[in-house]
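Participant: My structure is in run07.cif, and what it holds is mmCIF, C-alpha atoms and all ligand atoms:
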```cif
data_protein
loop_
_atom_site.label_atom_id
_atom_site.label_comp_id
_atom_site.auth_asym_id
_atom_site.auth_seq_id
_atom_site.Cartn_x
_atom_site.Cartn_y
_atom_site.Cartn_z
CA MET A 28 109.73 146.47 46.15
CA THR A 29 109.99 149.49 43.91
CA SER A 30 113.28 149.91 42.19
CA ILE A 31 113.94 153.21 40.52
CA ALA A 32 116.59 152.13 38.12
CA PRO A 33 116.38 148.45 37.41
CA LEU A 34 119.10 147.69 34.94
CA PRO A 35 118.64 144.84 32.52
CA ARG A 36 119.87 141.79 34.32
CA SER A 37 121.57 139.00 32.46
CA ASN A 38 120.85 136.55 35.24
CA ALA A 39 117.23 137.59 35.70
CA SER A 40 116.09 134.00 35.62
CA GLN A 41 118.27 133.22 38.58
CA GLU A 42 115.86 133.50 41.51
CA GLN A 43 117.39 134.74 44.72
CA THR A 44 117.17 132.25 47.51
CA ARG A 45 117.65 133.31 51.08
CA PRO A 46 121.03 132.31 52.48
CA THR A 47 121.38 130.68 55.86
CA LEU A 48 123.92 133.17 57.11
CA SER A 49 124.24 136.91 56.52
CA VAL A 50 127.29 138.81 57.63
CA VAL A 51 126.80 142.55 57.96
CA VAL A 52 129.92 144.70 57.68
CA PRO A 53 129.84 148.51 58.11
CA ILE A 54 132.49 150.12 55.94
CA PHE A 55 133.83 153.64 56.37
CA ASN A 56 137.08 154.32 54.53
CA GLU A 57 138.36 150.78 54.87
CA GLU A 58 140.25 150.34 51.58
CA ALA A 59 143.28 149.09 53.50
CA VAL A 60 141.41 146.14 55.00
CA ILE A 61 138.90 145.12 52.32
CA PRO A 62 141.08 142.56 50.46
CA GLU A 63 142.12 140.85 53.68
CA LEU A 64 138.55 141.06 55.01
CA TYR A 65 137.28 139.29 51.90
CA ARG A 66 140.01 136.65 52.07
CA ARG A 67 139.47 135.80 55.73
CA MET A 68 135.73 136.01 55.60
CA THR A 69 135.33 133.71 52.60
CA GLU A 70 137.75 131.25 54.16
CA VAL A 71 135.80 131.08 57.41
CA LEU A 72 132.33 131.11 55.88
CA ASP A 73 133.12 128.50 53.25
CA LYS A 74 134.45 126.29 56.02
CA ILE A 75 131.16 126.53 57.89
CA GLY A 76 129.56 125.09 54.80
CA GLU A 77 126.23 126.94 54.82
CA SER A 78 124.99 129.30 52.13
CA TRP A 79 125.98 132.84 53.02
CA GLU A 80 125.99 136.47 51.93
CA MET A 81 128.12 139.35 53.08
CA VAL A 82 126.18 142.60 53.22
CA CYS A 83 128.60 145.51 53.14
CA ILE A 84 127.20 148.89 54.09
CA ASN A 85 129.28 151.69 52.69
CA ASP A 86 128.83 154.54 55.14
CA GLY A 87 129.89 157.38 52.86
CA SER A 88 133.48 156.33 52.36
CA ARG A 89 135.69 158.84 50.61
CA ASP A 90 138.38 156.40 49.57
CA ARG A 91 138.29 153.51 47.11
CA SER A 92 136.14 151.27 49.34
CA VAL A 93 133.07 151.39 47.09
CA GLU A 94 134.96 150.57 43.91
CA MET A 95 136.67 147.68 45.66
CA LEU A 96 133.40 146.32 47.01
CA ARG A 97 131.74 146.61 43.60
CA GLU A 98 134.54 144.67 42.09
CA LEU A 99 134.15 141.98 44.73
CA HIS A 100 130.40 141.88 44.06
CA ASP A 101 130.96 141.53 40.32
CA ASN A 102 133.23 138.55 40.86
CA ASP A 103 131.37 137.01 43.77
CA PRO A 104 127.62 137.75 44.00
CA ARG A 105 127.60 136.63 47.62
CA ILE A 106 129.20 140.00 48.37
CA LYS A 107 126.40 142.58 48.40
CA LEU A 108 126.73 146.30 48.70
CA VAL A 109 124.45 148.98 50.05
CA SER A 110 125.90 152.42 49.64
CA PHE A 111 124.70 155.40 51.71
CA SER A 112 124.43 158.83 50.15
CA ARG A 113 126.77 160.14 52.89
CA ASN A 114 128.23 159.18 56.25
CA PHE A 115 125.39 158.33 58.63
CA GLY A 116 127.46 156.71 61.36
CA HIS A 117 128.34 153.23 62.46
CA GLN A 118 125.14 152.42 64.35
CA ILE A 119 122.97 153.45 61.42
CA ALA A 120 125.12 151.41 59.04
CA ILE A 121 124.53 148.33 61.18
CA THR A 122 120.81 149.10 61.18
CA ALA A 123 120.74 149.21 57.39
CA GLY A 124 122.68 145.97 57.27
CA MET A 125 120.02 144.30 59.38
CA ASP A 126 117.31 145.77 57.16
CA TYR A 127 118.89 144.27 54.09
CA ALA A 128 120.21 140.99 55.45
CA GLN A 129 118.27 137.96 54.24
CA GLY A 130 119.80 135.17 56.28
CA ASP A 131 118.25 132.99 58.95
CA ALA A 132 121.16 134.07 61.14
CA VAL A 133 122.68 137.54 60.88
CA VAL A 134 126.15 138.41 62.16
CA ILE A 135 127.29 141.99 62.77
CA ILE A 136 131.05 142.39 62.53
CA ASP A 137 133.57 145.25 62.16
CA ALA A 138 135.45 145.53 58.91
CA ASP A 139 138.86 145.99 60.51
CA LEU A 140 139.17 142.35 61.64
CA GLN A 141 139.33 143.32 65.29
CA ASP A 142 136.45 140.92 65.66
CA PRO A 143 137.87 137.59 64.47
CA PRO A 144 135.59 136.06 61.79
CA GLU A 145 136.63 132.64 63.09
CA LEU A 146 134.32 133.20 66.07
CA ILE A 147 131.33 133.03 63.75
CA GLU A 148 131.72 129.26 63.74
CA THR A 149 131.34 129.14 67.53
CA MET A 150 128.38 131.49 67.28
CA MET A 151 126.71 129.29 64.69
CA ALA A 152 127.11 126.30 66.97
CA LYS A 153 125.35 128.18 69.77
CA TRP A 154 122.67 129.27 67.33
CA ARG A 155 122.01 125.68 66.37
CA GLU A 156 121.66 124.90 70.08
CA GLY A 157 118.71 127.29 70.04
CA TYR A 158 120.11 130.60 71.27
CA GLU A 159 118.72 133.59 69.44
CA VAL A 160 121.31 136.25 70.28
CA ILE A 161 124.93 135.23 70.64
CA TYR A 162 127.05 138.24 71.61
CA ALA A 163 130.83 138.28 71.74
CA VAL A 164 132.36 139.28 75.07
CA ARG A 165 135.79 140.87 74.99
CA ALA A 166 138.02 138.84 77.24
CA ASP A 167 141.12 140.69 76.16
CA ARG A 168 141.81 143.80 74.15
CA ARG A 169 145.20 143.93 72.59
CA GLY A 170 146.74 146.86 70.84
CA GLU A 171 144.45 149.50 72.19
CA SER A 172 145.56 152.51 74.13
CA PHE A 173 145.30 152.53 77.90
CA PHE A 174 142.92 155.45 77.55
CA LYS A 175 140.52 153.57 75.28
CA LEU A 176 140.66 150.47 77.47
CA TRP A 177 139.95 152.40 80.61
CA THR A 178 137.19 154.57 79.16
CA ALA A 179 135.54 151.52 77.60
CA ARG A 180 135.56 149.69 80.93
CA ALA A 181 134.19 152.69 82.78
CA PHE A 182 131.56 153.18 80.09
CA TYR A 183 130.11 149.69 80.30
CA ARG A 184 130.01 149.78 84.07
CA LEU A 185 128.40 153.20 84.25
CA LEU A 186 125.83 152.16 81.70
CA ARG A 187 124.95 149.06 83.64
CA ARG A 188 124.44 151.08 86.80
CA ILE A 189 122.21 153.77 85.46
CA THR A 190 120.16 152.12 82.73
CA ASP A 191 117.03 150.07 82.99
CA VAL A 192 118.08 147.36 80.54
CA ASP A 193 120.56 144.68 81.32
CA ILE A 194 123.35 145.36 78.86
CA PRO A 195 126.10 142.74 79.25
CA LEU A 196 129.52 144.08 80.22
CA ASP A 197 132.30 144.44 77.63
CA THR A 198 130.25 143.50 74.60
CA GLY A 199 130.47 145.35 71.32
CA ASP A 200 128.24 145.11 68.32
CA PHE A 201 129.86 141.85 67.25
CA ARG A 202 127.03 139.34 67.57
CA LEU A 203 124.87 136.81 65.81
CA MET A 204 121.13 137.27 65.76
CA ASP A 205 118.40 134.92 64.71
CA ARG A 206 116.12 136.14 61.96
CA ARG A 207 113.31 136.57 64.48
CA VAL A 208 115.44 139.03 66.44
CA VAL A 209 116.40 140.87 63.27
CA VAL A 210 112.78 141.19 62.22
CA ALA A 211 111.91 142.53 65.68
CA MET A 212 114.83 144.94 65.54
CA ARG A 213 113.56 146.34 62.23
CA ARG A 214 110.59 147.72 64.11
CA LEU A 215 112.80 149.87 66.33
CA ARG A 216 113.35 152.99 64.26
CA GLU A 217 114.68 155.45 66.81
CA HIS A 218 117.25 157.84 65.42
CA HIS A 219 119.83 157.98 68.18
CA ARG A 220 120.59 154.33 68.29
CA PHE A 221 122.67 152.26 70.61
CA MET A 222 122.36 148.86 69.01
CA ARG A 223 123.81 146.81 71.88
CA GLY A 224 121.23 148.30 74.19
CA LEU A 225 118.40 147.73 71.73
CA SER A 226 119.53 144.14 71.32
CA SER A 227 119.30 143.62 75.10
CA TRP A 228 115.99 145.41 75.23
CA LEU A 229 114.53 142.99 72.68
CA GLY A 230 115.15 140.04 74.95
CA PHE A 231 115.10 136.54 73.38
CA ARG A 232 117.44 133.78 74.45
CA GLN A 233 120.83 135.40 74.76
CA VAL A 234 124.25 134.01 75.49
CA GLY A 235 127.80 135.39 75.43
CA VAL A 236 130.91 133.81 73.95
CA PRO A 237 134.33 135.11 75.01
CA TYR A 238 136.91 136.21 72.49
CA GLU A 239 140.17 138.08 72.29
CA ARG A 240 139.84 141.37 70.52
CA ALA A 241 142.63 141.69 68.00
CA GLU A 242 144.40 144.75 66.76
CA ARG A 243 143.01 146.66 63.82
CA TYR A 244 144.35 144.96 60.71
CA ALA A 245 145.21 148.17 58.88
CA GLY A 246 144.22 151.81 58.74
CA GLU A 247 143.19 153.81 61.75
CA THR A 248 140.18 153.98 64.03
CA LYS A 249 137.08 155.64 62.63
CA TYR A 250 135.85 156.30 66.17
CA PRO A 251 137.56 159.47 67.42
CA LEU A 252 136.79 160.66 70.95
CA ARG A 253 134.07 162.95 69.62
CA LYS A 254 132.09 160.03 68.15
CA MET A 255 132.66 157.93 71.27
CA LEU A 256 131.24 160.69 73.45
CA ARG A 257 128.22 160.99 71.21
CA LEU A 258 127.62 157.27 71.35
CA THR A 259 127.88 157.42 75.16
CA MET A 260 125.31 160.20 75.31
CA ASP A 261 123.01 158.28 72.97
CA ALA A 262 123.39 155.16 75.07
CA ILE A 263 122.58 156.96 78.32
CA THR A 264 119.69 159.03 77.01
CA SER A 265 118.22 156.01 75.19
CA PHE A 266 117.99 153.90 78.28
CA SER A 267 118.01 156.11 81.35
CA TYR A 268 116.19 159.06 82.87
CA LEU A 269 118.75 159.34 85.64
CA PRO A 270 120.39 162.54 84.31
CA LEU A 271 116.97 164.21 84.38
CA ARG A 272 116.16 162.89 87.82
CA LEU A 273 119.47 164.17 89.15
CA ALA A 274 117.96 167.68 89.03
CA THR A 275 115.19 166.57 91.37
CA TYR A 276 117.59 164.85 93.75
CA PHE A 277 119.95 167.78 93.71
CA GLY A 278 117.10 170.25 94.22
CA PHE A 279 115.83 168.42 97.28
CA SER A 280 119.29 168.10 98.80
CA LEU A 281 120.08 171.74 98.25
CA ALA A 282 116.73 172.85 99.62
CA ALA A 283 117.36 170.78 102.74
CA VAL A 284 120.83 172.23 103.23
CA SER A 285 119.50 175.75 102.66
CA LEU A 286 116.80 175.24 105.24
CA ILE A 287 119.36 174.20 107.82
CA GLY A 288 121.44 177.22 106.78
CA ILE A 289 118.51 179.58 107.29
CA LEU A 290 117.69 178.18 110.72
CA LEU A 291 121.35 178.29 111.70
CA THR A 292 121.77 181.89 110.57
CA VAL A 293 118.65 183.02 112.39
CA ALA A 294 119.83 181.30 115.56
CA LEU A 295 123.29 182.88 115.26
CA ARG A 296 121.86 186.35 114.62
CA LEU A 297 119.52 186.09 117.62
CA SER A 298 122.46 185.20 119.80
CA GLY A 299 124.32 188.27 118.51
CA ASN A 300 126.80 186.46 116.30
CA ASN A 301 127.33 188.07 112.89
CA ALA A 302 128.85 185.17 111.00
CA PHE A 303 127.97 184.81 107.25
CA GLU A 304 127.94 188.51 106.78
CA GLY A 305 129.00 190.02 103.49
CA GLN A 306 128.70 189.75 99.74
CA ALA A 307 131.10 186.91 99.11
CA THR A 308 128.80 184.24 100.47
CA THR A 309 125.87 185.63 98.51
CA LEU A 310 127.86 185.79 95.32
CA VAL A 311 129.25 182.29 95.67
CA ALA A 312 125.81 180.87 96.37
CA VAL A 313 124.24 182.63 93.39
CA LEU A 314 126.99 181.64 90.96
CA PHE A 315 127.01 178.07 92.19
CA LEU A 316 123.27 177.71 91.77
CA GLY A 317 123.42 179.45 88.39
CA GLY A 318 125.98 176.91 87.23
CA ILE A 319 123.94 173.98 88.46
CA GLN A 320 120.84 175.30 86.76
CA LEU A 321 122.63 175.72 83.46
CA ILE A 322 123.97 172.18 83.68
CA PHE A 323 120.49 170.79 84.16
CA LEU A 324 119.13 172.98 81.38
CA GLY A 325 121.80 171.43 79.19
CA ILE A 326 120.77 167.94 80.21
CA ILE A 327 117.13 168.71 79.47
CA GLY A 328 118.35 170.07 76.13
CA GLU A 329 120.03 166.76 75.30
CA TYR A 330 116.75 164.93 75.74
CA LEU A 331 114.74 167.67 74.06
CA GLY A 332 116.99 167.61 70.97
CA ARG A 333 116.50 163.89 70.69
CA ILE A 334 112.73 164.24 71.00
CA TYR A 335 112.89 166.86 68.24
CA ASP A 336 114.86 164.48 66.01
CA GLU A 337 112.29 161.76 66.56
CA SER A 338 109.39 164.09 65.81
CA LYS A 339 110.93 165.06 62.47
CA ASP A 340 110.68 161.41 61.59
CA ARG A 341 113.26 161.46 58.85
CA PRO A 342 114.39 158.15 57.42
CA LEU A 343 117.34 156.70 59.30
CA TYR A 344 119.49 156.63 56.19
CA ILE A 345 119.41 157.32 52.49
CA VAL A 346 120.67 154.68 50.13
CA SER A 347 122.18 155.83 46.88
CA LEU A 348 122.97 152.43 45.41
CA ALA A 349 122.41 148.81 46.28
CA TYR A 350 124.02 145.90 44.50
CA GLY A 351 122.82 142.35 44.90
CA PHE A 352 119.24 142.87 46.06
CA ALA A 353 117.23 142.74 42.87
CA GLY A 354 114.36 140.34 43.26
CA VAL A 355 114.54 140.42 47.03
CA GLU A 356 111.03 140.67 48.38
CA ASP A 357 111.15 142.13 51.85
CA THR A 358 113.95 144.65 51.63
CA PRO A 359 113.69 147.21 53.01
CA PRO A 360 111.20 146.20 55.67
CA PRO A 361 107.65 147.42 55.19
CA ALA A 362 107.85 149.15 58.56
CA VAL A 363 110.31 151.60 57.05
CA ASN A 364 108.98 154.14 54.66
CA LEU A 365 111.78 153.87 52.18
CA GLU A 366 110.02 152.76 49.03
CA GLU A 367 111.29 155.50 46.79
CA PRO A 368 114.78 156.82 47.56
CA HIS A 369 116.22 153.67 46.36
CA ALA A 370 117.98 152.36 43.35
CA VAL A 371 118.72 148.71 43.12
CA VAL A 372 121.34 148.05 40.53
CA ASP A 373 122.41 144.61 39.68
N1 LIG A 401 132.35 152.75 60.80
C1 LIG A 401 131.28 153.19 60.03
N2 LIG A 401 130.91 154.51 60.10
C2 LIG A 401 131.55 155.41 60.90
C3 LIG A 401 132.62 154.93 61.71
C4 LIG A 401 132.97 153.60 61.64
O1 LIG A 401 130.68 152.43 59.29
O2 LIG A 401 131.17 156.58 60.91
C5 LIG A 401 132.73 151.31 60.74
C6 LIG A 401 134.20 151.05 60.45
O3 LIG A 401 134.46 151.01 59.06
C7 LIG A 401 134.40 149.71 61.11
C8 LIG A 401 133.44 149.76 62.30
O4 LIG A 401 132.50 150.77 62.00
O5 LIG A 401 134.01 148.65 60.28
C9 LIG A 401 134.15 150.05 63.61
O6 LIG A 401 134.95 151.18 63.48
P1 LIG A 401 136.42 151.23 64.07
O7 LIG A 401 137.09 149.91 63.94
O8 LIG A 401 137.16 152.39 63.46
O9 LIG A 401 136.12 151.54 65.60
P2 LIG A 401 137.00 151.06 66.86
O10 LIG A 401 137.20 149.59 66.72
O11 LIG A 401 138.29 151.82 66.77
O12 LIG A 401 136.17 151.44 68.04
MG MG A 402 138.03 148.70 65.13
#
```
Mind turning the file's structure into structure tokens?
Ligand code: UDP
Ligand code: MG

Facilitator:
Amino acid sequence: MTSIAPLPRSNASQEQTRPTLSVVVPIFNEEAVIPELYRRMTEVLDKIGESWEMVCINDGSRDRSVEMLRELHDNDPRIKLVSFSRNFGHQIAITAGMDYAQGDAVVIIDADLQDPPELIETMMAKWREGYEVIYAVRADRRGESFFKLWTARAFYRLLRRITDVDIPLDTGDFRLMDRRVVVAMRRLREHHRFMRGLSSWLGFRQVGVPYERAERYAGETKYPLRKMLRLTMDAITSFSYLPLRLATYFGFSLAAVSLIGILLTVALRLSGNNAFEGQATTLVAVLFLGGIQLIFLGIIGEYLGRIYDESKDRPLYIVSLAYGFAGVEDTPPPAVNLEEPHAVVD
């Protein structure tokens, strides 16, 4: 791998060996949770007793997150840090984490401790049984608003109905993936990513483990309604053509109704009845159809914009700094054209 700014390394002789377990944590302004995250994570992972690394992806944080993570890395080289040049979003941060993770098993987990790290032990047990994707299923969600609960429920059910892949209900991104799955995932470079969906699309031997989703440990949600809506749109457009097909269905239905209307009007006129006379009906019909047409133009636009983004073929993310990856052979994956914009500092 090309490194732009390889600093002299005091421990250059120390060859990096691949750990058994990688834990990927996306970090966006999480200074309030980082110390507790480190404490709980090390406790759990040390208990499991396998070699591990924690790959933190700083997604353009504007608080002290990066400094804190660097400090952790300096004291404990198992903590690794990839820092984006700006905020690229949660799904992209996870993607980068999977690009950089070296482990035979890779866990994706939120920084805010809503996903209990203790579950990783259960996941590892399933992994040893031979499962390749072990996803956490939310049995209970405490401390979240009624609105979020309800919209999340509706979202997963809607998605299941209209998409072509079998995305398990009430699962988040909290999951363990075998290295084979991670390597396969690295080949999926679409820009508008819905990682849960992609994970289902990949297949492999999958199993769910139930867990209780805790409250956020500290700080506030980094997923405002705006980002949730965008994720929903990405999820639907990534896995379903239904919104596009709706135009066809609607067109046929309306044409059928219109035909009946025409026949009916002709029959009424012939029998001397002047019902449906006047401008109001015309105006209503025209405006209604105009509205419907604009809606479907908008839907086509959503898909078109995404096609445009794909055709530009920009890299998914830009890394400004990476700590802890010097000497690592296959990062980033050869499938990604990211050789240059990259500084590995160690
Ligand atoms: N996150 C991120 N980039 C973003 C938004 C969120 O990396 O643009 C991270 C965040 O730091 C956290 C995880 O994604 O580790 C989930 O975010 P959050 O807990 O705020 O979402 P919620 O649980 O409220 O849906
Ligand atoms: Mg959270």

Participant: Using only C-alpha atoms and all ligand atoms, what are the residues with an atom within 7 Å of ligand MG 402 (chain A), set out as a PDB file with C-alpha atoms, in the frame of the given file?

Facilitator:
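pocket_2.pdb was written with the following content:
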```pdb
ATOM      1  CA  ASP A 137     133.570 145.250  62.160  1.00  0.00           C
ATOM      2  CA  ASP A 139     138.860 145.990  60.510  1.00  0.00           C
ATOM      3  CA  GLN A 141     139.330 143.320  65.290  1.00  0.00           C
ATOM      4  CA  ARG A 243     143.010 146.660  63.820  1.00  0.00           C
ATOM      5  CA  THR A 248     140.180 153.980  64.030  1.00  0.00           C
TER       6      THR A 248
END
```

Participant: Please find the residues contacting ligand LIG 401 (chain A) at a distance of at most 9 Å between atoms, with all atoms listed in the file counted, and report them as a VMD selection string.

Facilitator: chain A and resid 52 to 57 84 to 88 114 to 121 136 to 142 171 175 199 242 to 243 246 to 251 254 to 255

Participant: Calculate how many Å separate CA of Met222 (chain A) from CA of Asp90 (chain A), rounding to one decimal.

Facilitator: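 Between these atoms lies a distance of 26.3 Å.
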
Participant: Excluding same-chain residues fewer than 6 positions from Glu145 (chain A), what lies within 10 Å of it counting all atoms listed in the file, as a VMD selection string?

Facilitator: chain A and resid 67 to 68 70 to 72 74 to 75

Participant: From the list A:Gly130, A:Leu269, A:Val164, A:Thr264, which residue is nearest Arg207 (chain A) when using only C-alpha atoms?

Facilitator: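 Closest to Arg207 (chain A), using only C-alpha atoms: A:Gly130.
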
Participant: Using all atoms listed in the file, which of the listed residues (A:Gly332, A:Gly230, A:Gly317, A:Pro144) sits closest to Glu159 (chain A)?

Facilitator: A:Gly230

Participant: Rank A:Leu64, A:Glu80, A:Leu286, A:Tyr238 by their smallest atom-to-atom distance to Leu146 (chain A), using all atoms listed in the file, and report the top residue only.

Facilitator: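 Counting all atoms listed in the file, the residue closest to Leu146 (chain A) is A:Tyr238.
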
Participant: So what do you get for CA of Val160 (chain A) versus CA of Pro104 (chain A), distance-wise?

Facilitator: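 The value is 27.1 Å.
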
Participant: If you count all atoms listed in the file, which residues fall within 12 Å of Phe182 (chain A), apart from same-chain ones fewer than 5 positions away, as an mmCIF file with C-alpha atoms, keeping the file's coordinate frame?

Facilitator:
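Okay, this is what ended up in selection_26.cif:
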```cif
data_model
loop_
_atom_site.group_PDB
_atom_site.id
_atom_site.type_symbol
_atom_site.label_atom_id
_atom_site.label_comp_id
_atom_site.auth_asym_id
_atom_site.auth_seq_id
_atom_site.Cartn_x
_atom_site.Cartn_y
_atom_site.Cartn_z
ATOM 1 C CA PHE A 174 142.920 155.450 77.550
ATOM 2 C CA LYS A 175 140.520 153.570 75.280
ATOM 3 C CA LEU A 176 140.660 150.470 77.470
ATOM 4 C CA TRP A 177 139.950 152.400 80.610
ATOM 5 C CA ARG A 187 124.950 149.060 83.640
ATOM 6 C CA ARG A 188 124.440 151.080 86.800
ATOM 7 C CA ILE A 189 122.210 153.770 85.460
ATOM 8 C CA THR A 190 120.160 152.120 82.730
ATOM 9 C CA ILE A 194 123.350 145.360 78.860
ATOM 10 C CA PRO A 195 126.100 142.740 79.250
ATOM 11 C CA LEU A 196 129.520 144.080 80.220
ATOM 12 C CA ASP A 197 132.300 144.440 77.630
ATOM 13 C CA THR A 198 130.250 143.500 74.600
ATOM 14 C CA GLY A 199 130.470 145.350 71.320
ATOM 15 C CA MET A 255 132.660 157.930 71.270
ATOM 16 C CA LEU A 256 131.240 160.690 73.450
ATOM 17 C CA LEU A 258 127.620 157.270 71.350
ATOM 18 C CA THR A 259 127.880 157.420 75.160
ATOM 19 C CA MET A 260 125.310 160.200 75.310
ATOM 20 C CA ALA A 262 123.390 155.160 75.070
ATOM 21 C CA ILE A 263 122.580 156.960 78.320
#
```

Participant: How many Å lie between CA of Arg165 (chain A) and CA of Arg180 (chain A), rounded to one decimal?

Facilitator: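 Answer for the CA of Arg165 (chain A) to CA of Arg180 (chain A) separation: 10.6 Å.
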
Participant: When you count all atoms listed in the file, which of these residues is closest to Val134 (chain A): A:Arg216, A:Arg272, A:Arg223, A:Arg202?

Facilitator: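 Counting all atoms listed in the file, the residue closest to Val134 (chain A) is A:Arg202.
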